[in-house]
Each structure stands twice: as structure tokens, then as C-alpha cells.
Amino acid sequence: MNKPLRRASVFSLLLVLALLGWVTYVQVVEGAGFRDNSHNERNAISQYANPLGNILAGGKPITGSTATSGDLKYKRTYRDGKLYAPVTGYASQSYGSNQLEALDRSVLDGSDTRLKNPLQALIREPSKPGDVMTTIDPAVQKAAYKGLGNNTGAAVAIDPKTGAVRALASTPSYNPSAFAGSDTSDQKAWLKLTKDKDQPMLNRALRQTYPPGSAFKLVVAAAALDDGLYSSVDEPTKSPNPYRLPGTVTDMKNENASAPCENATIRTALQYSCNTVFAKMAVDLGESKLGAEAKKLGFDDSKLDIPVRAAKSVYPSGMDHSQTALTGMGQFDVTATPLQMAMVSSAIADDGKLMKPYEVERTTDGNATALDRTEPKAFTQAMSKSTAQELRSAMRTVVQKGTGTNAKIPGIQVGGKTGTAQHGENNSGNPFAWFVSYADDASGHKIAVAVVVEDSDAPRADISGGGLAGPIAKSMMSAALGGGAAS
């Protein structure tokens, strides 16, 4: 072989080796990235080649699949889509998926390796998709959604003993079926929803934070009792009325000028929602102690997954005394999701023990055999048992003869706290109406609830937590525990 030919042969061999090396690198190292790339149409074709598994509530499917005429043979359908959208999320041929539809995608489309037997794995045969069983109680979910009605807001219900989320409602809502496909009508529906100023696709129960207003006074009271600042909810506090904010010439007053707020007990201060009492109490405790209590209840946690991640609720830091005073009534820079405030009520309802909230009970294979199951897990001991007992007693007073009487349920023990939170520049926006509560029936079953009405048709003067949010919470608690109509 002459020299030029030998050089050409060696060069050709090197090119072949380089090509083989590159192909190996692409398949072995970069393969997963290419397979998972959102622009890889094969993924969508594979995912929608067969009917998807279902998401269930109360043991019944709230999703389905229907055949199409395109390359993507099936598309997702939703039963009562607007009702359950905050739970399921959406699965769209054109726009991907979110929430449970995304987090449990491999189970629902059958690609999870746990769904395959050894032979299927060997011959790469598609496996039957699995299902996702949620913790949602359809009756409680319907009560929340119906109660919110045309208002903008959200509602959450939690089983205090386990942390299981029984309702997760957000309004206005949307129907994920409207854009589940890939034709022109789906595109128009998507554009209409994403441009809607009312943000129907925002999951307000998990992803929106609000000033909690007077509902936050429960956190302040818990810190004061646990710290020993006051020994019981019936010990008089040291609270002037009006209360001058420290370092200012501003006197804080109460909404109800005739309320007995001067040196009121915690019970009376919750009953009449005395701002002066809790503002002074927050200053007496200090930012550090109050922030520590809020943290034990879930505030400032940026990784709270249920498994959908919740927005971080915040108790601020670096404040002066007057700002700390404002946090005592749930204002200044205090923010909370409805989930967070349901967690506050849940801890009080279960003797101070806060369970980690979760909305997926288990995932199953195509034969209904569990792949994994969520075991109830303690989040924190948020307050002492005695403090929780004291607060439950005071919350019952709020419902029996305070601002929360609209939440009374015959035959069921109910405790609650109203909240009306100011917001907007110079408090120009309509207040947010809160109601945070728990209910306990004779058999020991409990439910914890938080409701916020962000915007309603009610005149500003008529907006109150007890008036707007209280009846919604009542209907949810009744649905959860089988209570009768209110007297």
C-alpha cells in the first residue's frame, strides 16, 4: 500500500471512530436530555398514544381520555373541570401539563418503570397506565366551590389528624378540557384564559399570598401563651385603648369603638377582634419570638410540597417596633396562602401538633395495586397542648357570641377567627375577608378550614370575614362532618 493511500485509510478510520464515539455519547450521555426535551414531538406522540390513567377523588375518576383523529391519538378530558382544576392541573397536547398531571405524569402515561414486569421491560412493551388517588373529599370540595361562587377567592380544608387535604378550591376557575387538544379551538381557549385579567388559571389556594389580617391574631396568641407572657386566655392583658404605635404619634384604635378592648383577655380580644391588644402583644413578644412561632406553623418555608409546591408565606424580619405592632394584626408585610392559614387552624385543632399537608393518598398500577402511599408525617409541634386547648376554647367563643356566629353548626363544636385585611395603596382596595376555623364532632372527627374572599360584589362597608367567608367555611365543615343546617 502506497503512502497516500495508507494515510487516507487511517484518516477514514479515525473519522469512523469519531462518528461511533459521538453516536455513543449522544445515546448514552445526552439521550435522556433529548428524550425529555419539550420540543421532541415523539414524547407527545408516545404520551398520547393510549388513554392516560386517571386522577381520582372519593374513589371516582375526575379525569378521562377520548380518541382524536390526529397523530396524538388520545387527549385528556375532565369531569367537573372547573371544580377540580386546582387539584388536577391540566394536561394539554399543545401546552404541556402542570400540578398532579405533571408531577405524576410517568404513572399516568404508563412510562414509570414500576408499572412494567421484567418481560415488558425486556421487550419494551408499553405497560398499562396507573392512577393517582387524591385525598380530596368531593362533598367538601363542592361546598367550597359553590360557596365561593362568583367571588374571587380560595378555600382549603385539612384533616388535622393526618394532614390530608380534603378540599382545595380556587375561583374563578377554568376547565382544562378546553385546551387539552391541539386544534384551533384549543389555542383560542388557551389565549383567552392566559390573557384574562381575573387569572382563572392561578391556583389561589396554593400559589397566591394575602395579608391574613386579624386571622393572624391566632399566631400572636399562640406565641404569647407558649412564651408565658400570659398564662391563659382569661388573664387580663396589659393593653391600652387606644394604643400608640411605638416611636410614632399615631394612635391605633379598634373597628368597634364600644368593644371592651382595654386590658382585655385574649378570649375577649379574639371575640371582638381587638387590634390594640394584639398590636401591643406583638411588641411585647418581639419580632424574634413571634417569627419563631410563625415558622413553626409553616411560615417562611419555600419548599412546602403537597406534592404541588405552595408559595412561601412570610413573617417579615428587620422591623422596628411600630412595624412589629402592625404584624400583630396580620398587616405590614405579613403574607399567607389559604393553605398556610388552614395549617394554623389544623395545629390548634390537634393539640398543637401540625401534620404535613398532602393531597395524594397513593398511586396505583393498572391493577389498583399501590405503587406508593403517603404516610401521615408530623411537620412540627407548633405549640404546647395546653396552648392549643386554650385557643380552641377562645375560638369557640368567637363563634358562639363573637364575630364568627355565621359559622355555627348544630350538634358540632366549632371554633373560628375572622379577618378583614386591608391592602392596596393607602388601603384603597376592597379588604380581603378571611375565616379560619376548626370543627369537631361527637365522634372525634375533625376538620380545619381557611377561606379567603379576595373580591366580591358586596359594598366595602359590608365586607367582613364573618359575613363573607364564615358561611363558606360553615358549609365546608358541615360537608366534612355531616352537620345539619345552621340555626
# chains A, B, ... in the order shown; residues from 1 in each chain; ligands from 1

call {"tool": "residues_around", "arguments": {"residues": "segment 67-79 of chain A", "least_positions_apart": "6", "cutoff": "10 Å", "atoms": "only C-alpha atoms", "output": "PyMOL selection string"}}
result
chain A and resi 41-42+44-55+61+85+88+90-93+175-183

call {"tool": "select_by_dssp", "arguments": {"residues": "segment 273-417 of chain A", "states": "strand (DSSP E or B)", "output": "number ranges by chain"}}
result
A: 305, 309, 314, 335-336, 353-355, 358, 360-364, 370-373, 378-381, 409, 412-417

call {"tool": "closest_residue", "arguments": {"among": "A:Lys296, A:Lys128, A:Lys303, A:Arg166", "to": "Gly110 of chain A", "atoms": "only C-alpha atoms"}}
result
A:Lys128

call {"tool": "residues_around", "arguments": {"residues": "Ile266 of chain A", "least_positions_apart": "6", "cutoff": "10 Å", "atoms": "only C-alpha atoms", "output": "count of residues only"}}
result
21

call {"tool": "closest_residue", "arguments": {"among": "A:Ala311, A:Leu56, A:Leu20, A:Leu148", "to": "Glu361 of chain A", "atoms": "only C-alpha atoms"}}
result
A:Leu56

call {"tool": "select_by_dssp", "arguments": {"residues": "segment 259-352 of chain A", "states": "helix (DSSP H, G or I)", "output": "ChimeraX atom specification"}}
result
/A:266-271,275-285,287-296,321-327,338-349

call {"tool": "closest_residue", "arguments": {"among": "A:Ala164, A:Met133, A:Leu339, A:Leu245", "to": "Glu375 of chain A", "atoms": "only C-alpha atoms"}}
result
A:Ala164

call {"tool": "residues_around", "arguments": {"residues": "Ala257 of chain A", "least_positions_apart": "3", "cutoff": "12 Å", "atoms": "only C-alpha atoms", "output": "count of residues only"}}
result
13

call {"tool": "residues_around", "arguments": {"residues": "Arg309 of chain A", "least_positions_apart": "5", "cutoff": "10 Å", "atoms": "only C-alpha atoms", "output": "ChimeraX atom specification"}}
result
/A:99,206-207,302-304

call {"tool": "residues_around", "arguments": {"residues": "Glu454 of chain A", "least_positions_apart": "2", "cutoff": "6 Å", "atoms": "only C-alpha atoms", "output": "list of chain:residue names"}}
result
A:Thr152, A:Gly153, A:Phe432

call {"tool": "write_last_selection", "arguments": {"atoms": "C-alpha atoms", "output": "PDB file, in the first residue's frame"}}
result
ATOM      1  CA  THR A 152     -62.620  35.741  43.674  1.00  0.00           C
ATOM      2  CA  GLY A 153     -61.035  33.689  46.417  1.00  0.00           C
ATOM      3  CA  PHE A 432     -59.810  40.649  51.924  1.00  0.00           C
TER       4      PHE A 432
END

call {"tool": "residues_around", "arguments": {"residues": "Ala388 of chain A", "least_positions_apart": "5", "cutoff": "6 Å", "atoms": "only C-alpha atoms", "output": "list in words"}}
result
Ile348, Asp351 and Gly352 of chain A

call {"tool": "write_last_selection", "arguments": {"atoms": "all heavy atoms", "output": "PDB file, in the first residue's frame"}}
result
ATOM      1  N   ILE A 348     -53.923  24.020  65.858  1.00  0.00           N
ATOM      2  CA  ILE A 348     -54.724  24.315  67.050  1.00  0.00           C
ATOM      3  C   ILE A 348     -55.716  23.185  67.309  1.00  0.00           C
ATOM      4  O   ILE A 348     -55.922  22.762  68.447  1.00  0.00           O
ATOM      5  CB  ILE A 348     -55.451  25.659  66.878  1.00  0.00           C
ATOM      6  CG1 ILE A 348     -54.433  26.811  66.835  1.00  0.00           C
ATOM      7  CG2 ILE A 348     -56.454  25.889  68.011  1.00  0.00           C
ATOM      8  CD1 ILE A 348     -55.031  28.147  66.424  1.00  0.00           C
ATOM      9  N   ASP A 351     -54.181  19.682  69.157  1.00  0.00           N
ATOM     10  CA  ASP A 351     -53.351  19.833  70.359  1.00  0.00           C
ATOM     11  C   ASP A 351     -51.952  20.356  70.065  1.00  0.00           C
ATOM     12  O   ASP A 351     -50.966  19.972  70.719  1.00  0.00           O
ATOM     13  CB  ASP A 351     -53.266  18.498  71.115  1.00  0.00           C
ATOM     14  CG  ASP A 351     -54.556  18.158  71.839  1.00  0.00           C
ATOM     15  OD1 ASP A 351     -55.343  19.081  72.110  1.00  0.00           O
ATOM     16  OD2 ASP A 351     -54.784  16.966  72.118  1.00  0.00           O
ATOM     17  N   GLY A 352     -51.848  21.231  69.072  1.00  0.00           N
ATOM     18  CA  GLY A 352     -50.572  21.878  68.779  1.00  0.00           C
ATOM     19  C   GLY A 352     -49.692  21.126  67.814  1.00  0.00           C
ATOM     20  O   GLY A 352     -48.667  21.655  67.372  1.00  0.00           O
TER      21      GLY A 352
END

call {"tool": "atom_distance", "arguments": {"atom1": "atom CA of Gly419 of chain A", "atom2": "atom CA of Ser313 of chain A"}}
result
16.5 Å

call {"tool": "closest_residue", "arguments": {"among": "A:Ile306, A:Ala336, A:Ala205, A:Leu290", "to": "Glu359 of chain A", "atoms": "only C-alpha atoms"}}
result
A:Ile306

call {"tool": "closest_residue", "arguments": {"among": "A:Ala469, A:Leu285, A:Val414, A:Ala269", "to": "Leu481 of chain A", "atoms": "only C-alpha atoms"}}
result
A:Val414
